[in-house]
file final16.tsv (TSV, C-alpha atoms)
chain	number	residue	atom	x	y	z
A	14	MET	CA	0.82	8.92	-30.15
A	15	HIS	CA	1.60	7.37	-26.78
A	16	SER	CA	-0.35	4.15	-27.11
A	17	GLY	CA	2.63	1.87	-27.76
A	18	ARG	CA	4.55	3.07	-24.76
A	19	LEU	CA	1.46	3.04	-22.62
A	20	ASN	CA	0.44	-0.50	-23.53
A	21	ASN	CA	3.92	-1.89	-23.02
A	22	GLY	CA	4.27	-0.01	-19.77
A	23	CYS	CA	0.94	-1.29	-18.47
A	24	MET	CA	1.80	-4.89	-19.39
A	25	GLY	CA	5.13	-4.59	-17.60
A	26	HIS	CA	3.44	-2.92	-14.65
A	27	ASP	CA	0.81	-5.68	-14.38
A	28	HIS	CA	3.45	-8.43	-14.57
A	29	SER	CA	5.52	-6.71	-11.90
A	30	HIS	CA	2.40	-6.12	-9.78
A	31	HIS	CA	1.50	-9.84	-9.86
A	32	HIS	CA	5.09	-10.79	-9.03
A	33	HIS	CA	5.13	-8.44	-6.04
A	34	HIS	CA	1.69	-9.74	-4.98
A	35	HIS	CA	2.95	-13.35	-4.82
A	36	ARG	CA	6.13	-12.27	-3.03
A	37	THR	CA	4.09	-10.23	-0.56
A	38	MET	CA	1.76	-13.17	0.14
A	39	SER	CA	4.75	-15.47	0.71
A	40	ASN	CA	6.43	-13.04	3.10
A	41	LEU	CA	3.22	-12.30	5.01
A	42	LYS	CA	2.48	-16.03	5.44
A	43	PHE	CA	6.02	-16.64	6.69
A	44	ALA	CA	5.79	-13.75	9.17
A	45	PHE	CA	2.33	-14.95	10.31
A	46	TRP	CA	3.44	-18.50	11.17
A	47	LEU	CA	6.64	-17.20	12.77
A	48	ASN	CA	4.71	-14.78	15.02
A	49	LEU	CA	1.99	-17.30	15.88
A	50	LEU	CA	4.47	-20.04	16.81
A	51	LEU	CA	6.67	-17.66	18.77
A	52	ALA	CA	3.71	-16.06	20.58
A	53	THR	CA	2.35	-19.47	21.62
A	54	VAL	CA	5.72	-20.62	22.97
A	55	GLU	CA	6.22	-17.25	24.71
A	56	LEU	CA	2.79	-17.33	26.37
A	57	VAL	CA	3.35	-20.82	27.79
A	58	GLY	CA	6.90	-19.92	28.77
A	59	GLY	CA	5.84	-16.61	30.29
A	60	PHE	CA	3.37	-18.26	32.65
A	61	PHE	CA	5.84	-21.05	33.41
A	62	SER	CA	8.70	-18.65	34.19
A	63	GLY	CA	6.43	-16.13	35.91
A	64	SER	CA	7.84	-13.29	33.78
A	65	LEU	CA	5.52	-10.39	32.94
A	66	SER	CA	7.96	-9.05	30.33
A	67	VAL	CA	7.88	-12.38	28.46
A	68	ILE	CA	4.05	-12.44	28.63
A	69	SER	CA	3.97	-8.82	27.43
A	70	ASN	CA	5.98	-9.74	24.35
A	71	SER	CA	3.74	-12.77	23.73
A	72	VAL	CA	0.66	-10.51	23.71
A	73	HIS	CA	2.40	-8.22	21.23
A	74	ASP	CA	3.31	-11.16	18.98
A	75	PHE	CA	-0.24	-12.55	19.14
A	76	GLY	CA	-1.50	-9.15	18.02
A	77	ASP	CA	1.00	-9.14	15.15
A	78	ALA	CA	0.02	-12.69	14.21
A	79	LEU	CA	-3.68	-11.76	14.17
A	80	ALA	CA	-2.98	-8.70	12.01
A	81	LEU	CA	-0.85	-10.80	9.65
A	82	GLY	CA	-3.43	-13.60	9.45
A	83	LEU	CA	-6.21	-11.16	8.66
A	84	GLY	CA	-3.87	-9.38	6.26
A	85	VAL	CA	-3.21	-12.60	4.32
A	86	TYR	CA	-6.92	-13.45	4.24
A	87	LEU	CA	-7.94	-9.95	3.15
A	88	GLU	CA	-5.12	-9.79	0.62
A	89	LYS	CA	-6.80	-12.74	-1.12
A	90	ILE	CA	-10.22	-11.10	-0.86
A	91	SER	CA	-8.83	-7.83	-2.24
A	92	TRP	CA	-8.15	-9.50	-5.59
A	93	LYS	CA	-11.83	-10.29	-6.07
A	94	ASN	CA	-13.61	-8.20	-8.66
A	95	SER	CA	-15.66	-5.26	-7.48
A	96	ASN	CA	-19.45	-5.54	-7.45
A	97	PRO	CA	-22.39	-3.10	-7.28
A	98	GLU	CA	-22.27	-3.11	-3.46
A	99	TYR	CA	-18.49	-2.52	-3.33
A	100	SER	CA	-17.71	-0.62	-6.50
A	101	TYR	CA	-14.09	0.05	-5.48
A	102	GLY	CA	-13.51	-3.56	-4.45
A	103	PHE	CA	-12.55	-4.83	-1.02
A	104	ARG	CA	-9.27	-3.03	-0.27
A	105	ARG	CA	-10.68	-1.06	2.66
A	106	PHE	CA	-11.50	-4.30	4.50
A	107	SER	CA	-7.83	-4.47	5.50
A	108	LEU	CA	-8.40	-1.40	7.69
A	109	LEU	CA	-10.88	-3.42	9.76
A	110	ALA	CA	-8.18	-6.04	10.33
A	111	SER	CA	-5.85	-3.32	11.56
A	112	VAL	CA	-8.47	-1.91	13.96
A	113	MET	CA	-9.29	-5.37	15.38
A	114	ALA	CA	-5.63	-6.28	15.90
A	115	ASN	CA	-4.86	-2.95	17.57
A	116	PHE	CA	-7.80	-3.24	19.99
A	117	ILE	CA	-6.59	-6.71	21.01
A	118	LEU	CA	-3.13	-5.24	21.64
A	119	LEU	CA	-4.79	-2.43	23.61
A	120	ILE	CA	-6.66	-4.81	25.91
A	121	GLY	CA	-3.63	-7.08	26.36
A	122	SER	CA	-1.33	-4.17	27.18
A	123	PHE	CA	-3.67	-2.79	29.84
A	124	PHE	CA	-3.84	-6.29	31.39
A	125	ILE	CA	-0.03	-6.55	31.55
A	126	ILE	CA	0.33	-3.04	33.03
A	127	ARG	CA	-2.28	-3.85	35.69
A	128	GLU	CA	-0.52	-7.08	36.66
A	129	ALA	CA	2.88	-5.38	36.70
A	130	VAL	CA	1.68	-2.53	38.96
A	131	LEU	CA	0.04	-5.01	41.36
A	132	ASN	CA	3.27	-7.00	41.44
A	133	LEU	CA	5.33	-3.90	42.24
A	134	LEU	CA	2.94	-2.91	45.06
A	135	SER	CA	2.75	-6.41	46.51
A	136	ASP	CA	4.41	-7.19	49.85
A	137	VAL	CA	5.66	-10.42	48.30
A	138	PRO	CA	6.46	-9.57	44.64
A	139	GLN	CA	6.60	-12.43	42.18
A	140	SER	CA	10.13	-13.58	41.39
A	141	PRO	CA	10.53	-14.76	37.79
A	142	LYS	CA	12.81	-17.65	36.84
A	143	SER	CA	15.70	-15.76	35.26
A	144	VAL	CA	17.19	-18.76	33.43
A	145	TRP	CA	13.92	-19.39	31.60
A	146	MET	CA	13.60	-15.67	30.88
A	147	LEU	CA	17.09	-15.74	29.41
A	148	GLY	CA	16.25	-18.72	27.20
A	149	PHE	CA	13.07	-17.16	25.86
A	150	ALA	CA	14.84	-13.84	25.26
A	151	VAL	CA	17.45	-15.60	23.12
A	152	LEU	CA	14.67	-17.46	21.26
A	153	GLY	CA	12.80	-14.20	20.67
A	154	ILE	CA	15.90	-12.41	19.39
A	155	VAL	CA	16.80	-15.22	16.97
A	156	ALA	CA	13.23	-15.70	15.65
A	157	ASN	CA	12.60	-11.98	15.10
A	158	ALA	CA	16.04	-11.52	13.51
A	159	ILE	CA	15.20	-14.29	11.01
A	160	GLY	CA	11.82	-12.70	10.26
A	161	ALA	CA	13.28	-9.22	9.88
A	162	TYR	CA	15.98	-10.55	7.55
A	163	ARG	CA	13.32	-12.26	5.42
A	164	LEU	CA	11.37	-8.99	5.05
A	165	MET	CA	14.44	-6.76	4.62
A	166	GLY	CA	14.21	-4.67	1.45
A	167	SER	CA	10.42	-5.12	1.15
A	168	GLN	CA	8.51	-2.82	-1.18
A	169	THR	CA	4.87	-2.92	-0.11
A	170	HIS	CA	3.35	-0.98	2.79
A	171	HIS	CA	2.28	-4.17	4.60
A	172	GLU	CA	5.71	-5.76	4.36
A	173	LYS	CA	7.52	-2.62	5.47
A	174	ALA	CA	5.15	-2.21	8.42
A	175	PHE	CA	5.72	-5.77	9.63
A	176	TYR	CA	9.48	-5.51	9.02
A	177	TRP	CA	9.61	-2.67	11.55
A	178	HIS	CA	7.28	-4.61	13.87
A	179	LEU	CA	9.81	-7.43	13.89
A	180	VAL	CA	12.70	-5.02	14.48
A	181	GLU	CA	10.80	-3.49	17.42
A	182	ASP	CA	10.09	-6.96	18.81
A	183	LEU	CA	13.76	-7.85	18.49
A	184	LEU	CA	14.75	-4.76	20.49
A	185	GLY	CA	12.10	-5.63	23.08
A	186	TRP	CA	13.65	-9.07	23.53
A	187	VAL	CA	17.07	-7.48	23.91
A	188	LEU	CA	15.64	-5.56	26.88
A	189	VAL	CA	14.22	-8.79	28.32
A	190	LEU	CA	17.65	-10.39	27.88
A	191	PHE	CA	19.32	-7.64	29.92
A	192	GLY	CA	16.56	-7.90	32.53
A	193	ALA	CA	17.03	-11.66	32.81
A	194	VAL	CA	20.78	-11.22	33.27
A	195	ALA	CA	20.20	-8.56	35.99
A	196	ILE	CA	17.80	-10.86	37.86
A	197	TRP	CA	20.14	-13.83	37.48
A	198	LEU	CA	23.26	-12.00	38.69
A	199	TRP	CA	21.89	-9.50	41.21
A	200	ASN	CA	18.36	-10.76	41.98
A	201	LEU	CA	16.81	-7.45	40.85
A	202	THR	CA	13.31	-8.94	40.54
A	203	TRP	CA	11.65	-5.52	40.23
A	204	ILE	CA	13.16	-5.20	36.75
A	205	ASP	CA	10.70	-7.71	35.26
A	206	PRO	CA	7.45	-5.81	36.05
A	207	VAL	CA	9.14	-2.53	35.13
A	208	LEU	CA	10.11	-4.02	31.76
A	209	GLY	CA	6.54	-5.30	31.38
A	210	ILE	CA	5.20	-1.79	31.95
A	211	ALA	CA	7.79	-0.23	29.61
A	212	LEU	CA	7.13	-2.70	26.77
A	213	SER	CA	3.35	-2.45	27.20
A	214	GLY	CA	3.60	1.35	27.26
A	215	PHE	CA	5.52	1.26	23.99
A	216	ILE	CA	2.92	-1.08	22.49
A	217	LEU	CA	0.15	1.33	23.57
A	218	TYR	CA	2.00	4.20	21.89
A	219	ARG	CA	2.26	2.20	18.65
A	220	VAL	CA	-1.42	1.21	18.89
A	221	ILE	CA	-2.47	4.85	19.26
A	222	MET	CA	-0.32	5.86	16.27
A	223	ASN	CA	-1.73	3.00	14.15
A	224	LEU	CA	-5.33	3.81	15.07
A	225	ARG	CA	-4.66	7.46	14.26
A	226	SER	CA	-3.29	6.64	10.79
A	227	THR	CA	-6.18	4.23	10.16
A	228	GLY	CA	-8.65	6.93	11.19
A	229	GLU	CA	-7.02	9.35	8.76
A	230	VAL	CA	-7.61	6.88	5.92
A	231	PHE	CA	-11.26	6.44	6.97
A	232	LEU	CA	-11.64	10.24	7.06
A	233	GLN	CA	-10.09	10.43	3.57
A	234	LYS	CA	-7.09	12.52	4.53
A	235	THR	CA	-4.93	13.32	1.50
A	236	PRO	CA	-2.04	10.82	1.29
A	237	GLU	CA	1.55	12.05	1.36
A	238	GLN	CA	1.91	11.20	-2.35
A	239	HIS	CA	-0.08	14.31	-3.32
A	240	GLU	CA	3.05	16.46	-3.45
A	241	GLY	CA	4.23	16.94	-7.01
A	242	ILE	CA	1.20	15.34	-8.69
A	243	GLU	CA	-0.19	18.59	-10.11
A	244	LYS	CA	3.27	19.61	-11.39
A	245	SER	CA	3.65	16.25	-13.13
A	246	ILE	CA	0.27	16.66	-14.82
A	247	LEU	CA	1.12	20.19	-15.97
A	248	LYS	CA	4.27	18.88	-17.70
A	249	VAL	CA	2.13	16.83	-20.11
A	250	LYS	CA	2.06	18.49	-23.51
A	251	GLY	CA	-1.30	20.16	-24.17
A	252	VAL	CA	-2.28	20.63	-20.52
A	253	GLU	CA	-2.89	24.29	-19.69
A	254	ASN	CA	-4.16	23.95	-16.14
A	255	VAL	CA	-5.30	21.41	-13.54
A	256	HIS	CA	-7.73	22.08	-10.72
A	257	HIS	CA	-10.42	20.49	-8.55
A	258	VAL	CA	-7.86	17.83	-7.56
A	259	HIS	CA	-9.02	15.33	-4.91
A	260	LEU	CA	-6.83	12.47	-3.70
A	261	TRP	CA	-7.77	9.90	-1.08
A	262	SER	CA	-6.80	6.37	-0.13
A	263	LEU	CA	-8.69	3.11	-0.01
A	264	ASP	CA	-6.43	1.33	2.46
A	265	GLY	CA	-3.31	3.42	2.93
A	266	GLN	CA	-1.66	1.82	-0.10
A	267	GLN	CA	-3.99	2.19	-3.07
A	268	HIS	CA	-5.06	5.75	-3.81
A	269	ILE	CA	-7.81	7.32	-5.92
A	270	LEU	CA	-7.72	10.68	-7.68
A	271	THR	CA	-10.24	12.91	-9.42
A	272	ALA	CA	-9.26	16.10	-11.24
A	273	HIS	CA	-10.30	18.61	-13.89
A	274	ILE	CA	-7.78	18.88	-16.73
A	275	VAL	CA	-7.85	22.09	-18.79
A	276	VAL	CA	-6.54	21.90	-22.36
A	277	ALA	CA	-6.30	24.42	-25.19
A	278	ALA	CA	-9.49	25.07	-27.16
A	279	THR	CA	-7.80	23.89	-30.36
A	280	ILE	CA	-7.19	20.38	-29.07
A	281	LYS	CA	-9.66	17.90	-30.53
A	282	TRP	CA	-11.36	14.98	-28.78
A	283	ALA	CA	-8.93	12.31	-30.05
A	284	GLU	CA	-5.93	14.25	-28.77
A	285	GLN	CA	-7.69	14.86	-25.46
A	286	GLU	CA	-8.04	11.11	-25.04
A	287	SER	CA	-4.32	10.71	-25.77
A	288	ILE	CA	-3.49	13.33	-23.12
A	289	LYS	CA	-5.77	11.59	-20.65
A	290	ARG	CA	-4.02	8.24	-21.26
A	291	GLU	CA	-0.62	9.83	-20.72
A	292	ILE	CA	-1.74	11.45	-17.43
A	293	LYS	CA	-3.18	8.15	-16.19
A	294	TYR	CA	0.11	6.43	-17.05
A	295	ILE	CA	2.01	9.01	-14.99
A	296	LEU	CA	-0.42	8.64	-12.09
A	297	LYS	CA	-0.10	4.84	-12.15
A	298	GLU	CA	3.65	5.23	-11.83
A	299	LYS	CA	3.02	7.41	-8.75
A	300	GLY	CA	0.87	4.74	-7.11
A	301	ILE	CA	-2.57	6.10	-8.01
A	302	PHE	CA	-4.82	3.04	-8.18
A	303	GLU	CA	-7.63	4.75	-10.12
A	304	ALA	CA	-8.00	8.21	-11.65
A	305	THR	CA	-11.13	9.93	-12.94
A	306	LEU	CA	-10.22	12.89	-15.16
A	307	GLU	CA	-12.67	15.46	-16.50
A	308	MET	CA	-11.34	17.22	-19.60
A	309	GLU	CA	-12.19	20.90	-19.98
A	310	SER	CA	-11.52	23.37	-22.77
A	311	LEU	CA	-9.63	26.55	-21.93
A	312	ASP	CA	-12.40	28.74	-23.41
A	313	ALA	CA	-15.20	27.01	-21.44
A	314	ASN	CA	-16.34	27.69	-17.90
A	315	CYS	CA	-15.91	24.95	-15.28
A	316	GLU	CA	-19.29	23.37	-14.54
A	317	ASP	CA	-18.36	23.14	-10.86
A	318	PRO	CA	-16.69	26.49	-10.10
A	319	THR	CA	-17.12	26.18	-6.32
A	320	HIS	CA	-15.10	22.93	-6.30
A	321	ALA	CA	-17.23	21.70	-3.42

call {"tool": "encode", "arguments": {"input": "final16.tsv", "output": "structure tokens"}}
result
Amino acid sequence: MHSGRLNNGCMGHDHSHHHHHHRTMSNLKFAFWLNLLLATVELVGGFFSGSLSVISNSVHDFGDALALGLGVYLEKISWKNSNPEYSYGFRRFSLLASVMANFILLIGSFFIIREAVLNLLSDVPQSPKSVWMLGFAVLGIVANAIGAYRLMGSQTHHEKAFYWHLVEDLLGWVLVLFGAVAIWLWNLTWIDPVLGIALSGFILYRVIMNLRSTGEVFLQKTPEQHEGIEKSILKVKGVENVHHVHLWSLDGQQHILTAHIVVAATIKWAEQESIKREIKYILKEKGIFEATLEMESLDANCEDPTHA
């Protein structure tokens, strides 16, 4: 009774999914080349100007570029068909990219903090070239503003994450700009290593948060989308109860659900299949990548009463 709506809905959903996939790939590639180019220029300029805050931002941008590059590569891999070794496909590979990128940021941040502390404790602290700092700060602000504008209004998790990365980078460059002005006008050279420590400390905080969220996915923590799922299933006509619900995520974006659906004893097999299709349609709309539903009759005992 729902087949027409379901088929049309799935076709529309697939078309939209492919459209968003191509848009996501385009945006991720743009952000990758922007970050890589900017990070390279910043690294050279940071050493040339002697500014630890500029080098700190270059390390951050290299980490972002690595994560984006791996993200683009793994996004392509993720569209490969599953096989007996990887029955759910390759979506979880993206988590490895996240872990690698975050560890690189971790190492780079500790290096910057070490250099900044040594500079502050030195009898002859390094004096950065404020004019060059100012120029790179303006370049960083403009480049990240362009990238953030390109990703503004993004829909996917990856795009949203990198949109906020670019916004954070932009704010970091604003701090470098103020630091460069302070050094230029008042020769406050201590501001540069302090900014390097502050920016690296913020990067470390973000790295810890990212590693924590990645670990939660690996440990199969229930995604936030679980709220309201059982209520939505219970609204389907013919469903008497739902239990033994398990929801976990492959990569933080695509989720998997298993559940036992209890229907009235009078409902025949054909109608059960119709109910199952309707539930799966609802779950797809809620972002559930794959659902395995076990149909149970109200007058029968659950074969797994412990729900272990």

call {"tool": "residues_around", "arguments": {"input": "final16.tsv", "residues": "segment 227-244 of chain A", "least_positions_apart": "6", "cutoff": "8 Å", "atoms": "all atoms listed in the file", "output": "VMD selection string"}}
result
chain A and resid 108 111 to 112 255 259 to 265 268 296 299

call {"tool": "atom_distance", "arguments": {"input": "final16.tsv", "atom1": "atom CA of Ile210 of chain A", "atom2": "atom CA of Gly121 of chain A"}}
result
11.7 Å

call {"tool": "closest_atom_pairs", "arguments": {"input": "final16.tsv", "of": "segment 211-230 of chain A", "to": "segment 62-68 of chain A", "cutoff": "9 Å", "atoms": "only C-alpha atoms", "output": "JSON lines"}}
result
{"residue": "A:Ala211", "atom": "CA", "partner": "A:Ser66", "partner_atom": "CA", "distance": 8.9}
{"residue": "A:Leu212", "atom": "CA", "partner": "A:Ser66", "partner_atom": "CA", "distance": 7.3}
{"residue": "A:Ser213", "atom": "CA", "partner": "A:Ser66", "partner_atom": "CA", "distance": 8.6}

call {"tool": "closest_residue", "arguments": {"input": "final16.tsv", "among": "A:Leu134, A:Ala195, A:Ile269, A:Val54", "to": "Glu303 of chain A", "atoms": "all atoms listed in the file"}}
result
A:Ile269

call {"tool": "closest_residue", "arguments": {"input": "final16.tsv", "among": "A:Asn314, A:Leu118, A:Val155, A:Lys248", "to": "Ala278 of chain A", "atoms": "all atoms listed in the file"}}
result
A:Asn314

call {"tool": "atom_distance", "arguments": {"input": "final16.tsv", "atom1": "atom CA of Leu49 of chain A", "atom2": "atom CA of Leu152 of chain A"}}
result
13.8 Å

call {"tool": "closest_residue", "arguments": {"input": "final16.tsv", "among": "A:Gly153, A:Ala80, A:Trp197, A:Ser245", "to": "Leu50 of chain A", "atoms": "all atoms listed in the file"}}
result
A:Gly153

call {"tool": "residues_near_point", "arguments": {"input": "final16.tsv", "point": "(13.4, -9.0, 18.8)", "cutoff": "8 Å", "atoms": "all atoms listed in the file", "output": "list in words"}}
result
Gly153, Ile154, Val155, Ala156, Asn157, Ala158, Leu179, Val180, Glu181, Asp182, Leu183, Leu184, Gly185, Trp186 and Val187 of chain A

call {"tool": "closest_residue", "arguments": {"input": "final16.tsv", "among": "A:Phe302, A:Trp145, A:Trp203, A:Tyr162", "to": "Val57 of chain A", "atoms": "only C-alpha atoms"}}
result
A:Trp145

call {"tool": "residues_around", "arguments": {"input": "final16.tsv", "residues": "Ile288 of chain A", "least_positions_apart": "5", "cutoff": "10 Å", "atoms": "all atoms listed in the file", "output": "list in words"}}
result
Met14, His15, Ile246, Val249, Lys250, Gly251, Val252, Ile274, Val276, Ile280, Trp282, Ala283, Lys293, Tyr294 and Met308 of chain A

call {"tool": "closest_atom_pairs", "arguments": {"input": "final16.tsv", "of": "segment 70-185 of chain A", "to": "segment 37-48 of chain A", "cutoff": "6 Å", "atoms": "all atoms listed in the file", "output": "Markdown table"}}
result
| residue | atom | partner | partner_atom | distance |
| --- | --- | --- | --- | --- |
| A:Asp74 | CA | A:Asn48 | CA | 5.5 |
| A:Ala78 | CA | A:Phe45 | CA | 5.1 |
| A:Leu81 | CA | A:Phe45 | CA | 5.3 |
| A:Gly82 | CA | A:Phe45 | CA | 6.0 |

call {"tool": "closest_residue", "arguments": {"input": "final16.tsv", "among": "A:Leu247, A:Glu98, A:Phe149, A:Val220", "to": "Glu55 of chain A", "atoms": "all atoms listed in the file"}}
result
A:Phe149

call {"tool": "closest_residue", "arguments": {"input": "final16.tsv", "among": "A:Ala150, A:Ile216, A:Leu224, A:Leu198", "to": "His178 of chain A", "atoms": "all atoms listed in the file"}}
result
A:Ile216

call {"tool": "atom_distance", "arguments": {"input": "final16.tsv", "atom1": "atom CA of Gly148 of chain A", "atom2": "atom CA of Val207 of chain A"}}
result
19.4 Å

call {"tool": "residues_around", "arguments": {"input": "final16.tsv", "residues": "Ile90 of chain A", "least_positions_apart": "3", "cutoff": "10 Å", "atoms": "all atoms listed in the file", "output": "list in words"}}
result
Gly84, Val85, Tyr86, Leu87, Lys93, Asn94, Gly102, Phe103, Arg104, Phe106 and Ser107 of chain A

call {"tool": "build_atoms", "arguments": {"input": "final16.tsv", "residues": "segment 151-169 of chain A", "atoms": "N, CA, C and O atoms", "output": "tab-separated table (two decimals), in the frame of the given file"}}
result
chain	number	residue	atom	x	y	z
A	151	VAL	N	16.59	-15.18	24.23
A	151	VAL	CA	17.45	-15.60	23.12
A	151	VAL	C	16.61	-16.13	21.97
A	151	VAL	O	16.84	-15.81	20.79
A	152	LEU	N	15.58	-16.94	22.29
A	152	LEU	CA	14.67	-17.46	21.26
A	152	LEU	C	13.97	-16.33	20.53
A	152	LEU	O	13.88	-16.32	19.29
A	153	GLY	N	13.48	-15.34	21.28
A	153	GLY	CA	12.80	-14.20	20.67
A	153	GLY	C	13.71	-13.40	19.77
A	153	GLY	O	13.31	-12.97	18.68
A	154	ILE	N	14.94	-13.18	20.20
A	154	ILE	CA	15.90	-12.41	19.39
A	154	ILE	C	16.19	-13.14	18.09
A	154	ILE	O	16.17	-12.54	17.01
A	155	VAL	N	16.46	-14.44	18.17
A	155	VAL	CA	16.80	-15.22	16.97
A	155	VAL	C	15.61	-15.26	16.00
A	155	VAL	O	15.77	-15.02	14.79
A	156	ALA	N	14.42	-15.57	16.52
A	156	ALA	CA	13.23	-15.70	15.65
A	156	ALA	C	12.90	-14.38	14.96
A	156	ALA	O	12.63	-14.35	13.75
A	157	ASN	N	12.93	-13.27	15.70
A	157	ASN	CA	12.60	-11.98	15.10
A	157	ASN	C	13.69	-11.50	14.15
A	157	ASN	O	13.40	-10.81	13.17
A	158	ALA	N	14.95	-11.86	14.43
A	158	ALA	CA	16.04	-11.52	13.51
A	158	ALA	C	15.87	-12.25	12.18
A	158	ALA	O	16.07	-11.66	11.10
A	159	ILE	N	15.45	-13.52	12.24
A	159	ILE	CA	15.20	-14.29	11.01
A	159	ILE	C	14.05	-13.66	10.22
A	159	ILE	O	14.13	-13.48	9.01
A	160	GLY	N	12.97	-13.32	10.93
A	160	GLY	CA	11.82	-12.70	10.26
A	160	GLY	C	12.16	-11.37	9.65
A	160	GLY	O	11.76	-11.07	8.52
A	161	ALA	N	12.90	-10.54	10.39
A	161	ALA	CA	13.28	-9.22	9.88
A	161	ALA	C	14.19	-9.35	8.66
A	161	ALA	O	14.07	-8.59	7.69
A	162	TYR	N	15.09	-10.32	8.70
A	162	TYR	CA	15.98	-10.55	7.55
A	162	TYR	C	15.19	-10.97	6.33
A	162	TYR	O	15.47	-10.53	5.21
A	163	ARG	N	14.16	-11.80	6.53
A	163	ARG	CA	13.32	-12.26	5.42
A	163	ARG	C	12.59	-11.09	4.77
A	163	ARG	O	12.43	-11.06	3.54
A	164	LEU	N	12.15	-10.12	5.58
A	164	LEU	CA	11.37	-8.99	5.05
A	164	LEU	C	12.24	-7.78	4.71
A	164	LEU	O	11.72	-6.76	4.27
A	165	MET	N	13.56	-7.89	4.91
A	165	MET	CA	14.44	-6.76	4.62
A	165	MET	C	14.37	-6.40	3.14
A	165	MET	O	14.39	-7.26	2.26
A	166	GLY	N	14.28	-5.12	2.84
A	166	GLY	CA	14.21	-4.67	1.45
A	166	GLY	C	12.83	-4.80	0.84
A	166	GLY	O	12.68	-4.73	-0.39
A	167	SER	N	11.79	-4.98	1.67
A	167	SER	CA	10.42	-5.12	1.15
A	167	SER	C	9.96	-3.82	0.50
A	167	SER	O	10.42	-2.73	0.84
A	168	GLN	N	9.00	-3.96	-0.43
A	168	GLN	CA	8.51	-2.82	-1.18
A	168	GLN	C	7.12	-2.36	-0.75
A	168	GLN	O	6.84	-1.17	-0.77
A	169	THR	N	6.25	-3.30	-0.39
A	169	THR	CA	4.87	-2.92	-0.11
A	169	THR	C	4.73	-2.35	1.30
A	169	THR	O	5.55	-2.58	2.19
